[in-house]
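S.K.: What follows is upload39.cif, mmCIF, C-alpha atoms.
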```
data_query
loop_
_atom_site.group_PDB
_atom_site.id
_atom_site.type_symbol
_atom_site.label_atom_id
_atom_site.label_comp_id
_atom_site.auth_asym_id
_atom_site.auth_seq_id
_atom_site.Cartn_x
_atom_site.Cartn_y
_atom_site.Cartn_z
ATOM 1 C CA MET A 7 92.539 27.212 145.821
ATOM 2 C CA ILE A 8 92.101 25.572 149.205
ATOM 3 C CA GLU A 9 93.042 21.952 149.826
ATOM 4 C CA LEU A 10 90.794 20.170 152.281
ATOM 5 C CA THR A 11 91.777 16.822 153.809
ATOM 6 C CA ARG A 12 89.562 14.403 155.659
ATOM 7 C CA ARG A 13 91.118 11.612 157.755
ATOM 8 C CA ALA A 14 89.552 8.249 158.405
ATOM 9 C CA SER A 15 90.803 5.037 159.952
ATOM 10 C CA PHE A 16 90.228 1.423 159.107
ATOM 11 C CA SER A 17 91.600 -1.799 160.536
ATOM 12 C CA ALA A 18 92.384 -4.578 158.106
ATOM 13 C CA ALA A 19 94.368 -7.765 157.683
ATOM 14 C CA HIS A 20 96.597 -8.650 154.745
ATOM 15 C CA TYR A 21 99.614 -10.602 153.614
ATOM 16 C CA TYR A 22 102.074 -10.114 150.750
ATOM 17 C CA TRP A 23 102.250 -12.986 148.276
ATOM 18 C CA CYS A 24 102.997 -13.139 144.581
ATOM 19 C CA GLU A 25 101.273 -16.184 143.081
ATOM 20 C CA ALA A 26 103.750 -16.453 140.190
ATOM 21 C CA TRP A 27 106.668 -16.969 142.580
ATOM 22 C CA SER A 28 107.830 -19.903 144.638
ATOM 23 C CA ALA A 29 107.374 -19.927 148.385
ATOM 24 C CA GLU A 30 111.110 -19.323 148.792
ATOM 25 C CA GLU A 31 111.021 -16.285 146.520
ATOM 26 C CA ASN A 32 108.031 -14.833 148.378
ATOM 27 C CA GLN A 33 109.811 -15.330 151.699
ATOM 28 C CA ARG A 34 112.974 -13.753 150.369
ATOM 29 C CA VAL A 35 111.270 -10.647 148.995
ATOM 30 C CA PHE A 36 108.479 -10.100 151.522
ATOM 31 C CA GLY A 37 109.964 -11.554 154.707
ATOM 32 C CA LYS A 38 107.541 -11.838 157.575
ATOM 33 C CA CYS A 39 104.853 -10.052 155.496
ATOM 34 C CA ALA A 40 104.619 -13.310 153.500
ATOM 35 C CA ASN A 41 103.063 -15.181 156.434
ATOM 36 C CA ARG A 42 99.893 -16.623 154.832
ATOM 37 C CA ASN A 43 98.025 -16.396 158.136
ATOM 38 C CA GLY A 44 98.144 -12.648 157.587
ATOM 39 C CA HIS A 45 98.758 -9.762 159.948
ATOM 40 C CA GLY A 46 96.997 -6.451 160.436
ATOM 41 C CA HIS A 47 97.247 -2.697 160.624
ATOM 42 C CA ASN A 48 95.292 0.299 161.767
ATOM 43 C CA TYR A 49 95.427 2.183 158.499
ATOM 44 C CA THR A 50 94.855 5.928 158.278
ATOM 45 C CA LEU A 51 93.370 7.250 155.057
ATOM 46 C CA GLU A 52 93.717 10.933 154.125
ATOM 47 C CA VAL A 53 91.543 12.164 151.260
ATOM 48 C CA THR A 54 92.483 15.606 149.882
ATOM 49 C CA VAL A 55 90.191 17.576 147.606
ATOM 50 C CA ALA A 56 90.904 21.035 146.208
ATOM 51 C CA GLY A 57 88.666 23.880 145.112
ATOM 52 C CA GLU A 58 87.556 27.417 145.756
ATOM 53 C CA PRO A 59 85.418 28.076 148.848
ATOM 54 C CA ASP A 60 81.791 28.695 147.902
ATOM 55 C CA PRO A 61 81.204 32.463 148.210
ATOM 56 C CA VAL A 62 78.039 31.893 150.272
ATOM 57 C CA THR A 63 78.731 28.844 152.439
ATOM 58 C CA GLY A 64 82.517 29.164 152.725
ATOM 59 C CA PHE A 65 82.885 25.429 152.002
ATOM 60 C CA VAL A 66 85.093 23.784 149.394
ATOM 61 C CA VAL A 67 82.968 20.697 149.880
ATOM 62 C CA ASP A 68 80.529 19.650 152.602
ATOM 63 C CA LEU A 69 82.602 17.634 155.063
ATOM 64 C CA LYS A 70 79.545 15.657 156.173
ATOM 65 C CA TRP A 71 79.047 14.552 152.569
ATOM 66 C CA LEU A 72 82.750 13.732 152.131
ATOM 67 C CA LYS A 73 82.719 11.670 155.329
ATOM 68 C CA ALA A 74 79.709 9.703 154.019
ATOM 69 C CA VAL A 75 81.369 9.119 150.636
ATOM 70 C CA ILE A 76 84.522 7.783 152.309
ATOM 71 C CA GLU A 77 82.416 5.534 154.521
ATOM 72 C CA GLN A 78 80.385 4.151 151.624
ATOM 73 C CA GLN A 79 83.144 3.803 149.012
ATOM 74 C CA VAL A 80 86.073 2.656 151.162
ATOM 75 C CA LEU A 81 85.418 1.875 154.790
ATOM 76 C CA GLU A 82 82.423 -0.403 154.287
ATOM 77 C CA ALA A 83 84.526 -2.578 151.972
ATOM 78 C CA TRP A 84 87.833 -2.531 153.844
ATOM 79 C CA ASP A 85 87.269 -1.864 157.548
ATOM 80 C CA HIS A 86 87.652 -4.972 159.693
ATOM 81 C CA ARG A 87 88.208 -7.074 156.557
ATOM 82 C CA HIS A 88 90.953 -9.287 155.182
ATOM 83 C CA LEU A 89 92.113 -7.411 152.071
ATOM 84 C CA ASN A 90 93.456 -10.506 150.270
ATOM 85 C CA LEU A 91 90.390 -12.657 150.959
ATOM 86 C CA GLU A 92 87.479 -10.248 150.947
ATOM 87 C CA THR A 93 88.130 -7.505 148.384
ATOM 88 C CA GLU A 94 87.940 -7.639 144.597
ATOM 89 C CA GLU A 95 90.965 -5.399 143.946
ATOM 90 C CA PHE A 96 93.322 -7.489 146.089
ATOM 91 C CA ARG A 97 92.174 -10.905 144.949
ATOM 92 C CA HIS A 98 95.273 -10.999 142.748
ATOM 93 C CA ALA A 99 97.132 -7.718 143.375
ATOM 94 C CA VAL A 100 99.438 -7.489 146.401
ATOM 95 C CA PRO A 101 97.839 -5.223 149.041
ATOM 96 C CA THR A 102 100.902 -3.056 149.567
ATOM 97 C CA THR A 103 100.386 0.455 150.903
ATOM 98 C CA GLU A 104 101.117 1.718 147.399
ATOM 99 C CA ASN A 105 98.396 -0.412 145.839
ATOM 100 C CA ILE A 106 95.949 0.449 148.604
ATOM 101 C CA ALA A 107 96.484 4.176 147.889
ATOM 102 C CA ILE A 108 95.784 3.657 144.185
ATOM 103 C CA ALA A 109 92.740 1.491 144.939
ATOM 104 C CA ALA A 110 91.343 4.123 147.303
ATOM 105 C CA TRP A 111 91.716 6.749 144.571
ATOM 106 C CA LYS A 112 89.834 4.546 142.094
ATOM 107 C CA ARG A 113 87.039 3.976 144.618
ATOM 108 C CA LEU A 114 86.648 7.662 145.447
ATOM 109 C CA ALA A 115 87.299 9.481 142.157
ATOM 110 C CA PRO A 116 83.910 8.708 140.519
ATOM 111 C CA ALA A 117 81.929 9.832 143.579
ATOM 112 C CA LEU A 118 83.957 13.023 143.856
ATOM 113 C CA GLU A 119 83.206 14.039 140.272
ATOM 114 C CA THR A 120 79.915 15.328 141.674
ATOM 115 C CA ALA A 121 81.666 17.531 144.230
ATOM 116 C CA HIS A 122 80.555 20.845 142.691
ATOM 117 C CA GLY A 123 83.851 22.127 141.359
ATOM 118 C CA ALA A 124 86.164 20.459 143.880
ATOM 119 C CA SER A 125 88.578 17.867 142.557
ATOM 120 C CA LEU A 126 90.284 14.888 144.143
ATOM 121 C CA ARG A 127 93.911 15.914 144.626
ATOM 122 C CA ARG A 128 95.662 13.329 146.765
ATOM 123 C CA ILE A 129 95.230 10.051 148.607
ATOM 124 C CA ARG A 130 97.590 9.208 151.431
ATOM 125 C CA ILE A 131 97.541 5.874 153.231
ATOM 126 C CA TYR A 132 99.453 5.354 156.464
ATOM 127 C CA GLU A 133 100.150 1.693 157.114
ATOM 128 C CA SER A 134 101.673 2.719 160.429
ATOM 129 C CA PRO A 135 102.656 6.127 161.839
ATOM 130 C CA GLU A 136 106.086 5.715 160.214
ATOM 131 C CA ILE A 137 105.091 4.579 156.714
ATOM 132 C CA PHE A 138 102.735 6.143 154.206
ATOM 133 C CA ALA A 139 102.144 6.046 150.476
ATOM 134 C CA GLU A 140 100.711 8.938 148.520
ATOM 135 C CA TYR A 141 98.992 8.911 145.132
ATOM 136 C CA ARG A 142 98.032 11.995 143.120
ATOM 137 C CA GLY A 143 96.353 10.342 140.158
ATOM 138 C CA GLU A 144 97.930 9.730 136.769
ATOM 139 C CA GLN A 145 99.916 12.856 135.776
ATOM 140 C CA MET B 25 97.748 26.117 168.591
ATOM 141 C CA LEU B 26 94.921 28.541 169.094
ATOM 142 C CA SER B 27 91.576 28.033 170.766
ATOM 143 C CA ALA B 28 88.665 29.907 169.273
ATOM 144 C CA SER B 29 84.940 29.692 168.858
ATOM 145 C CA HIS B 30 82.888 30.126 165.724
ATOM 146 C CA ARG B 31 79.423 29.661 164.357
ATOM 147 C CA LEU B 32 78.761 28.748 160.738
ATOM 148 C CA HIS B 33 75.839 30.800 159.498
ATOM 149 C CA ALA B 34 75.317 32.494 156.115
ATOM 150 C CA GLU B 35 73.169 35.637 156.305
ATOM 151 C CA SER B 36 71.994 35.191 152.720
ATOM 152 C CA LEU B 37 70.394 31.822 153.519
ATOM 153 C CA ASP B 38 67.262 31.281 155.588
ATOM 154 C CA ALA B 39 67.250 29.332 158.847
ATOM 155 C CA GLU B 40 66.236 26.073 157.207
ATOM 156 C CA ALA B 41 68.938 26.320 154.557
ATOM 157 C CA ASN B 42 71.579 27.161 157.161
ATOM 158 C CA ARG B 43 70.614 24.111 159.169
ATOM 159 C CA ALA B 44 70.739 21.911 156.085
ATOM 160 C CA VAL B 45 74.152 23.175 154.963
ATOM 161 C CA TYR B 46 75.931 23.458 158.311
ATOM 162 C CA GLY B 47 74.130 20.954 160.548
ATOM 163 C CA LYS B 48 75.152 21.305 164.177
ATOM 164 C CA CYS B 49 77.856 23.809 163.163
ATOM 165 C CA ASN B 50 74.915 26.229 162.854
ATOM 166 C CA ASN B 51 73.972 25.908 166.557
ATOM 167 C CA PRO B 52 73.096 29.459 167.662
ATOM 168 C CA HIS B 53 75.663 29.903 170.429
ATOM 169 C CA GLY B 54 78.649 28.605 168.468
ATOM 170 C CA HIS B 55 81.194 25.968 169.374
ATOM 171 C CA GLY B 56 84.967 25.812 169.594
ATOM 172 C CA HIS B 57 88.103 24.183 168.339
ATOM 173 C CA ASN B 58 91.732 23.897 169.314
ATOM 174 C CA TYR B 59 92.999 24.859 165.879
ATOM 175 C CA VAL B 60 96.502 23.684 165.030
ATOM 176 C CA VAL B 61 98.143 26.182 162.698
ATOM 177 C CA GLU B 62 101.222 25.335 160.641
ATOM 178 C CA VAL B 63 103.036 28.131 158.845
ATOM 179 C CA VAL B 64 105.472 27.086 156.144
ATOM 180 C CA ALA B 65 108.160 29.440 154.916
ATOM 181 C CA ALA B 66 110.213 28.379 151.915
ATOM 182 C CA GLY B 67 113.284 29.863 150.344
ATOM 183 C CA PRO B 68 117.033 29.544 149.836
ATOM 184 C CA VAL B 69 119.232 28.780 152.813
ATOM 185 C CA ASP B 70 121.379 31.779 153.743
ATOM 186 C CA GLU B 71 125.048 30.821 153.432
ATOM 187 C CA GLN B 72 126.097 32.614 156.598
ATOM 188 C CA THR B 73 123.253 31.852 158.982
ATOM 189 C CA GLY B 74 122.191 28.506 157.534
ATOM 190 C CA MET B 75 118.583 29.633 157.829
ATOM 191 C CA VAL B 76 115.725 30.263 155.439
ATOM 192 C CA LEU B 77 114.587 32.829 157.969
ATOM 193 C CA ASN B 78 115.086 33.369 161.666
ATOM 194 C CA LEU B 79 112.518 31.295 163.494
ATOM 195 C CA ALA B 80 112.341 33.939 166.213
ATOM 196 C CA ASP B 81 111.078 36.394 163.588
ATOM 197 C CA LEU B 82 108.538 33.860 162.345
ATOM 198 C CA ASP B 83 107.352 33.161 165.895
ATOM 199 C CA ALA B 84 107.011 36.885 166.600
ATOM 200 C CA ALA B 85 104.991 37.440 163.414
ATOM 201 C CA VAL B 86 102.656 34.529 164.150
ATOM 202 C CA ARG B 87 102.220 35.682 167.736
ATOM 203 C CA SER B 88 101.427 39.311 166.929
ATOM 204 C CA ARG B 89 99.426 38.821 163.692
ATOM 205 C CA VAL B 90 97.600 35.551 164.463
ATOM 206 C CA LEU B 91 97.665 34.416 168.088
ATOM 207 C CA ASP B 92 97.157 37.798 169.770
ATOM 208 C CA ARG B 93 94.232 38.412 167.440
ATOM 209 C CA PHE B 94 92.481 35.052 167.180
ATOM 210 C CA ASP B 95 93.481 32.961 170.217
ATOM 211 C CA HIS B 96 90.727 32.734 172.834
ATOM 212 C CA ALA B 97 88.527 34.812 170.553
ATOM 213 C CA ASN B 98 85.174 34.411 168.857
ATOM 214 C CA LEU B 99 85.970 34.387 165.136
ATOM 215 C CA ASN B 100 82.491 35.656 164.233
ATOM 216 C CA CYS B 101 83.263 38.876 166.151
ATOM 217 C CA ASP B 102 86.382 39.692 164.130
ATOM 218 C CA PRO B 103 85.773 42.295 161.377
ATOM 219 C CA VAL B 104 87.452 40.063 158.789
ATOM 220 C CA PHE B 105 84.477 37.686 159.107
ATOM 221 C CA ALA B 106 81.834 40.411 158.812
ATOM 222 C CA ASP B 107 81.143 39.398 155.213
ATOM 223 C CA ARG B 108 82.334 35.794 155.073
ATOM 224 C CA VAL B 109 81.539 32.682 157.072
ATOM 225 C CA PRO B 110 84.364 31.628 159.445
ATOM 226 C CA THR B 111 84.740 28.178 157.909
ATOM 227 C CA THR B 112 88.232 26.816 158.322
ATOM 228 C CA GLU B 113 88.724 27.242 154.564
ATOM 229 C CA ASN B 114 88.219 30.990 154.988
ATOM 230 C CA PHE B 115 90.168 31.092 158.264
ATOM 231 C CA CYS B 116 93.137 29.421 156.573
ATOM 232 C CA ARG B 117 93.139 32.050 153.833
ATOM 233 C CA VAL B 118 92.788 34.893 156.372
ATOM 234 C CA ILE B 119 95.810 33.668 158.329
ATOM 235 C CA TYR B 120 97.839 33.506 155.116
ATOM 236 C CA GLU B 121 96.808 37.048 154.178
ATOM 237 C CA VAL B 122 97.647 38.568 157.580
ATOM 238 C CA LEU B 123 101.049 36.874 157.596
ATOM 239 C CA ARG B 124 102.083 37.477 153.998
ATOM 240 C CA ASP B 125 103.543 40.941 154.474
ATOM 241 C CA ALA B 126 104.821 40.222 157.988
ATOM 242 C CA LEU B 127 107.545 37.990 156.536
ATOM 243 C CA PRO B 128 110.266 38.928 154.045
ATOM 244 C CA ALA B 129 108.792 39.081 150.548
ATOM 245 C CA GLY B 130 108.022 35.742 148.962
ATOM 246 C CA LEU B 131 109.006 33.572 151.928
ATOM 247 C CA LEU B 132 105.512 32.608 153.082
ATOM 248 C CA ASP B 133 104.766 29.349 151.275
ATOM 249 C CA ARG B 134 101.583 28.015 152.794
ATOM 250 C CA VAL B 135 99.381 27.859 155.845
ATOM 251 C CA ARG B 136 97.795 24.665 157.111
ATOM 252 C CA VAL B 137 95.031 24.696 159.706
ATOM 253 C CA GLU B 138 93.853 21.544 161.453
ATOM 254 C CA GLU B 139 90.315 22.005 162.709
ATOM 255 C CA THR B 140 90.008 18.593 164.344
ATOM 256 C CA GLU B 141 92.090 15.427 164.170
ATOM 257 C CA ASN B 142 89.925 14.364 161.231
ATOM 258 C CA ASN B 143 90.172 17.376 158.938
ATOM 259 C CA PHE B 144 92.671 20.017 157.927
ATOM 260 C CA PHE B 145 92.951 22.738 155.294
ATOM 261 C CA GLU B 146 95.842 24.196 153.372
ATOM 262 C CA TYR B 147 96.261 27.431 151.384
ATOM 263 C CA ALA B 148 99.309 28.287 149.332
ATOM 264 C CA GLY B 149 98.386 31.760 148.204
ATOM 265 C CA VAL B 150 96.749 30.909 144.903
#
```
Take the structure in the file and give it back as structure tokens.
M.R.:
Amino acid sequence: MIELTRRASFSAAHYYWCEAWSAEENQRVFGKCANRNGHGHNYTLEVTVAGEPDPVTGFVVDLKWLKAVIEQQVLEAWDHRHLNLETEEFRHAVPTTENIAIAAWKRLAPALETAHGASLRRIRIYESPEIFAEYRGEQ
Amino acid sequence: MLSASHRLHAESLDAEANRAVYGKCNNPHGHGHNYVVEVVAAGPVDEQTGMVLNLADLDAAVRSRVLDRFDHANLNCDPVFADRVPTTENFCRVIYEVLRDALPAGLLDRVRVEETENNFFEYAGV
């Protein structure tokens, strides 16, 4: 079993705000991330699929195809966007790195079911070089 | 890190099929990468030395089994790729296999090979 990981970057704005809480509570919990003007990150997305290399081609999955899937399912919706204001999944959910990792999995898993025996294994989202969240699907 | 060239071409496919599967990786004269290879050894920490294994031994094994063989080489010319395409999936597995018995039994955990900054591959022996 070989694990293959493709990296991609996207730049997006967001803020952290829980609508059920008061402004004071949001400030207390989220600090400067609660600034409603938003702030931004260069996110790095790592998509890991696993499978056996094809005995003829030597590929687990065609990287050109995987790159296109990531572009179509994730980057077109999130790159250079405001996650809170422009995406369906973060209309009400807080766009934390954790939730972004789960949302990326949900966007990619259906497309990867056609990956000829390879399976989606892991999503990792770096909010910055020092912070990342990883999701491996529901166990 | 090791710098090597390769060409992705499957003998069992015709020219058109090779082009469709591999795109520009099928270009006839090959191309190259600075592969970044990570070798992970895992095991208990020795109570006296404080080590899982001596890094000097690991370095020596990687140098003699991997770097001396594949660095500044054309992967397609190595006998191990006579019957398989030198994709990085297969290269990752080859590196694992040549290192497995160079380290004390059971210590080699996995090999990770970064082909470019955008893709990397990992093999853990199964």
S.K.: Check the smallest atom-to-atom distance from each of B:Pro110, B:Pro103, B:Pro52, B:Gly67 to chain A using all atoms listed in the file, then report the winner.
M.R.: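 Checking each of B:Pro110, B:Pro103, B:Pro52, B:Gly67 against chain A, counting all atoms listed in the file, the winner is B:Pro110.
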S.K.: Between CA of His98 (chain A) and CA of Pro135 (chain A), what is the distance in Å, rounded to a tenth?
M.R.: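 Going from CA of His98 (chain A) over to CA of Pro135 (chain A), I get 26.7 Å.
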S.K.: Set out as JSON lines a contact list for chain A and chain B with a cut-off of 10 Å, giving each residue of chain A that qualifies its closest atom pair and distance in Å to one decimal, counting only C-alpha atoms, ordered by chain and rising residue number.
M.R.:
```
{"residue": "A:Met7", "atom": "CA", "partner": "B:Val150", "partner_atom": "CA", "distance": 5.7}
{"residue": "A:Ile8", "atom": "CA", "partner": "B:Tyr147", "partner_atom": "CA", "distance": 5.1}
{"residue": "A:Glu9", "atom": "CA", "partner": "B:Glu146", "partner_atom": "CA", "distance": 5.0}
{"residue": "A:Leu10", "atom": "CA", "partner": "B:Phe145", "partner_atom": "CA", "distance": 4.5}
{"residue": "A:Thr11", "atom": "CA", "partner": "B:Phe144", "partner_atom": "CA", "distance": 5.3}
{"residue": "A:Arg12", "atom": "CA", "partner": "B:Asn143", "partner_atom": "CA", "distance": 4.5}
{"residue": "A:Arg13", "atom": "CA", "partner": "B:Asn142", "partner_atom": "CA", "distance": 4.6}
{"residue": "A:Ala14", "atom": "CA", "partner": "B:Asn142", "partner_atom": "CA", "distance": 6.7}
{"residue": "A:Ser15", "atom": "CA", "partner": "B:Asn142", "partner_atom": "CA", "distance": 9.5}
{"residue": "A:Glu52", "atom": "CA", "partner": "B:Asn142", "partner_atom": "CA", "distance": 8.8}
{"residue": "A:Val53", "atom": "CA", "partner": "B:Asn143", "partner_atom": "CA", "distance": 9.4}
{"residue": "A:Thr54", "atom": "CA", "partner": "B:Phe145", "partner_atom": "CA", "distance": 9.0}
{"residue": "A:Val55", "atom": "CA", "partner": "B:Phe145", "partner_atom": "CA", "distance": 9.7}
{"residue": "A:Ala56", "atom": "CA", "partner": "B:Glu146", "partner_atom": "CA", "distance": 9.3}
{"residue": "A:Glu58", "atom": "CA", "partner": "B:Glu113", "partner_atom": "CA", "distance": 8.9}
{"residue": "A:Pro59", "atom": "CA", "partner": "B:Glu113", "partner_atom": "CA", "distance": 6.7}
{"residue": "A:Asp60", "atom": "CA", "partner": "B:Glu113", "partner_atom": "CA", "distance": 9.7}
{"residue": "A:Pro61", "atom": "CA", "partner": "B:Arg108", "partner_atom": "CA", "distance": 7.7}
{"residue": "A:Val62", "atom": "CA", "partner": "B:Ala34", "partner_atom": "CA", "distance": 6.5}
{"residue": "A:Thr63", "atom": "CA", "partner": "B:Ala34", "partner_atom": "CA", "distance": 6.2}
{"residue": "A:Gly64", "atom": "CA", "partner": "B:Val109", "partner_atom": "CA", "distance": 5.7}
{"residue": "A:Phe65", "atom": "CA", "partner": "B:Glu113", "partner_atom": "CA", "distance": 6.6}
{"residue": "A:Val66", "atom": "CA", "partner": "B:Glu113", "partner_atom": "CA", "distance": 7.2}
{"residue": "A:Val67", "atom": "CA", "partner": "B:Glu113", "partner_atom": "CA", "distance": 9.9}
{"residue": "A:Asp68", "atom": "CA", "partner": "B:Val45", "partner_atom": "CA", "distance": 7.7}
{"residue": "A:Leu69", "atom": "CA", "partner": "B:Asn143", "partner_atom": "CA", "distance": 8.5}
{"residue": "A:Lys70", "atom": "CA", "partner": "B:Gly47", "partner_atom": "CA", "distance": 8.7}
{"residue": "A:Lys73", "atom": "CA", "partner": "B:Asn142", "partner_atom": "CA", "distance": 9.7}
```
S.K.: Just the residues within 7 Å of Asp133 (chain B), please, counting only C-alpha atoms, with nothing from its chain fewer than 6 positions along; format it as JSON, numbers by chain.
M.R.: {"B": [64, 65, 66, 148]}
S.K.: Based on the selection just made, write C-alpha atoms of those residues as a CSV table (one decimal), in the frame of the given file.
M.R.:
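The resulting file, selection.csv, is reproduced below:
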```
chain,number,residue,atom,x,y,z
B,64,VAL,CA,105.5,27.1,156.1
B,65,ALA,CA,108.2,29.4,154.9
B,66,ALA,CA,110.2,28.4,151.9
B,148,ALA,CA,99.3,28.3,149.3
```
S.K.: With all atoms listed in the file as the basis for distance, which of B:Phe94, B:Ala41, B:Leu127, B:Asn100 is at the shortest distance from Leu79 (chain B)?
M.R.: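 Once distances to Leu79 (chain B) are computed over all atoms listed in the file, the minimum belongs to B:Leu127.
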S.K.: Could you check which residues have any atom within 10 Å of (86.6, 33.8, 171.7), counting only C-alpha atoms with coordinates taken straight from the file, and then list them as a ChimeraX atom specification?
M.R.: /B:27-30,55-56,93-102
S.K.: I'd like the interatomic distance between CA of Ala129 (chain B) and CA of Gly57 (chain A), to a tenth of an Å.
M.R.: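 Value for the CA of Ala129 (chain B)-CA of Gly57 (chain A) distance: 25.8 Å.
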S.K.: Which residue, B:Val104, B:Leu82, B:Gly130, B:Arg31, has the smallest gap to Gly54 (chain B) when you use all atoms listed in the file?
M.R.: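 Among the listed residues, the smallest separation from Gly54 (chain B) belongs to B:Arg31.
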S.K.: Could you tell me which of A:Glu95, A:Glu25, A:Glu133, A:Glu104 comes closest to Asn48 (chain A) if we count all atoms listed in the file?
M.R.: A:Glu133
S.K.: If I take CA of Ala18 (chain A) and CA of Arg142 (chain A), how far is one from the other in Å, to one decimal?
M.R.: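 Between these atoms lies a distance of 23.0 Å.
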S.K.: List, as a list in words, every residue that the PyMOL selection byres ((chain A and resi 83) around 12) selects in the file provided.
M.R.: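 On this input, the PyMOL selection byres ((chain A and resi 83) around 12) captures Phe16, Ser17, Ala18, Ile76, Glu77, Gln78, Gln79, Val80, Leu81, Glu82, Trp84, Asp85, His86, Arg87, His88, Leu89, Leu91, Glu92, Thr93, Glu94, Glu95, Phe96, Ala109, Ala110 and Arg113 of chain A.
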S.K.: Once 6 Å is added on each side, what are the centre and the three edge lengths, in Å to one decimal, of the axis-aligned box enclosing the listed atoms of region 89-94 of chain A? Present them as JSON.
M.R.:
```
{"center_x": 90.5, "center_y": -10.0, "center_z": 148.3, "size_x": 18.0, "size_y": 17.2, "size_z": 19.5}
```
S.K.: Counting all atoms listed in the file, which residue out of A:Leu118, A:Ile106, A:Leu51, A:Ile129 sits closest to Trp71 (chain A)?
M.R.: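 With all atoms listed in the file as the atom set, the closest residue is A:Leu118.
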S.K.: Select, from A:Asn90, A:Asn43, A:Gln33, A:Asn105, the residue with the minimum atom-to-atom distance to Arg130 (chain A), counting all atoms listed in the file.
M.R.: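 Between A:Asn90, A:Asn43, A:Gln33, A:Asn105, the residue approaching Arg130 (chain A) most closely is A:Asn105.
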S.K.: Take region 65-81 of chain A, model N, CA and C atoms, and hand the result over as a PDB file, keeping the file's coordinate frame.
M.R.:
```
ATOM      1  N   PHE A  65      82.418  26.811 152.093  1.00  0.00           N
ATOM      2  CA  PHE A  65      82.885  25.429 152.002  1.00  0.00           C
ATOM      3  C   PHE A  65      83.533  25.165 150.649  1.00  0.00           C
ATOM      4  N   VAL A  66      84.608  24.382 150.643  1.00  0.00           N
ATOM      5  CA  VAL A  66      85.093  23.784 149.394  1.00  0.00           C
ATOM      6  C   VAL A  66      84.183  22.613 149.051  1.00  0.00           C
ATOM      7  N   VAL A  67      83.913  21.798 150.050  1.00  0.00           N
ATOM      8  CA  VAL A  67      82.968  20.697 149.880  1.00  0.00           C
ATOM      9  C   VAL A  67      82.393  20.419 151.260  1.00  0.00           C
ATOM     10  N   ASP A  68      81.168  19.929 151.315  1.00  0.00           N
ATOM     11  CA  ASP A  68      80.529  19.650 152.602  1.00  0.00           C
ATOM     12  C   ASP A  68      81.237  18.457 153.253  1.00  0.00           C
ATOM     13  N   LEU A  69      81.845  18.691 154.411  1.00  0.00           N
ATOM     14  CA  LEU A  69      82.602  17.634 155.063  1.00  0.00           C
ATOM     15  C   LEU A  69      81.718  16.466 155.477  1.00  0.00           C
ATOM     16  N   LYS A  70      80.464  16.747 155.794  1.00  0.00           N
ATOM     17  CA  LYS A  70      79.545  15.657 156.173  1.00  0.00           C
ATOM     18  C   LYS A  70      79.347  14.725 154.982  1.00  0.00           C
ATOM     19  N   TRP A  71      79.223  15.324 153.795  1.00  0.00           N
ATOM     20  CA  TRP A  71      79.047  14.552 152.569  1.00  0.00           C
ATOM     21  C   TRP A  71      80.317  13.766 152.268  1.00  0.00           C
ATOM     22  N   LEU A  72      81.484  14.413 152.412  1.00  0.00           N
ATOM     23  CA  LEU A  72      82.750  13.732 152.131  1.00  0.00           C
ATOM     24  C   LEU A  72      82.947  12.549 153.079  1.00  0.00           C
ATOM     25  N   LYS A  73      82.605  12.756 154.344  1.00  0.00           N
ATOM     26  CA  LYS A  73      82.719  11.670 155.329  1.00  0.00           C
ATOM     27  C   LYS A  73      81.844  10.481 154.909  1.00  0.00           C
ATOM     28  N   ALA A  74      80.621  10.772 154.436  1.00  0.00           N
ATOM     29  CA  ALA A  74      79.709   9.703 154.019  1.00  0.00           C
ATOM     30  C   ALA A  74      80.242   8.981 152.783  1.00  0.00           C
ATOM     31  N   VAL A  75      80.807   9.732 151.849  1.00  0.00           N
ATOM     32  CA  VAL A  75      81.369   9.119 150.636  1.00  0.00           C
ATOM     33  C   VAL A  75      82.511   8.173 150.997  1.00  0.00           C
ATOM     34  N   ILE A  76      83.393   8.621 151.890  1.00  0.00           N
ATOM     35  CA  ILE A  76      84.522   7.783 152.309  1.00  0.00           C
ATOM     36  C   ILE A  76      84.014   6.520 152.982  1.00  0.00           C
ATOM     37  N   GLU A  77      83.002   6.677 153.819  1.00  0.00           N
ATOM     38  CA  GLU A  77      82.416   5.534 154.521  1.00  0.00           C
ATOM     39  C   GLU A  77      81.852   4.525 153.511  1.00  0.00           C
ATOM     40  N   GLN A  78      81.082   5.046 152.560  1.00  0.00           N
ATOM     41  CA  GLN A  78      80.385   4.151 151.624  1.00  0.00           C
ATOM     42  C   GLN A  78      81.344   3.506 150.618  1.00  0.00           C
ATOM     43  N   GLN A  79      82.303   4.292 150.106  1.00  0.00           N
ATOM     44  CA  GLN A  79      83.144   3.803 149.012  1.00  0.00           C
ATOM     45  C   GLN A  79      84.367   3.030 149.491  1.00  0.00           C
ATOM     46  N   VAL A  80      84.824   3.290 150.717  1.00  0.00           N
ATOM     47  CA  VAL A  80      86.073   2.656 151.162  1.00  0.00           C
ATOM     48  C   VAL A  80      85.881   1.850 152.444  1.00  0.00           C
ATOM     49  N   LEU A  81      85.400   2.518 153.477  1.00  0.00           N
ATOM     50  CA  LEU A  81      85.418   1.875 154.790  1.00  0.00           C
ATOM     51  C   LEU A  81      84.507   0.659 154.853  1.00  0.00           C
TER      52      LEU A  81
END
```
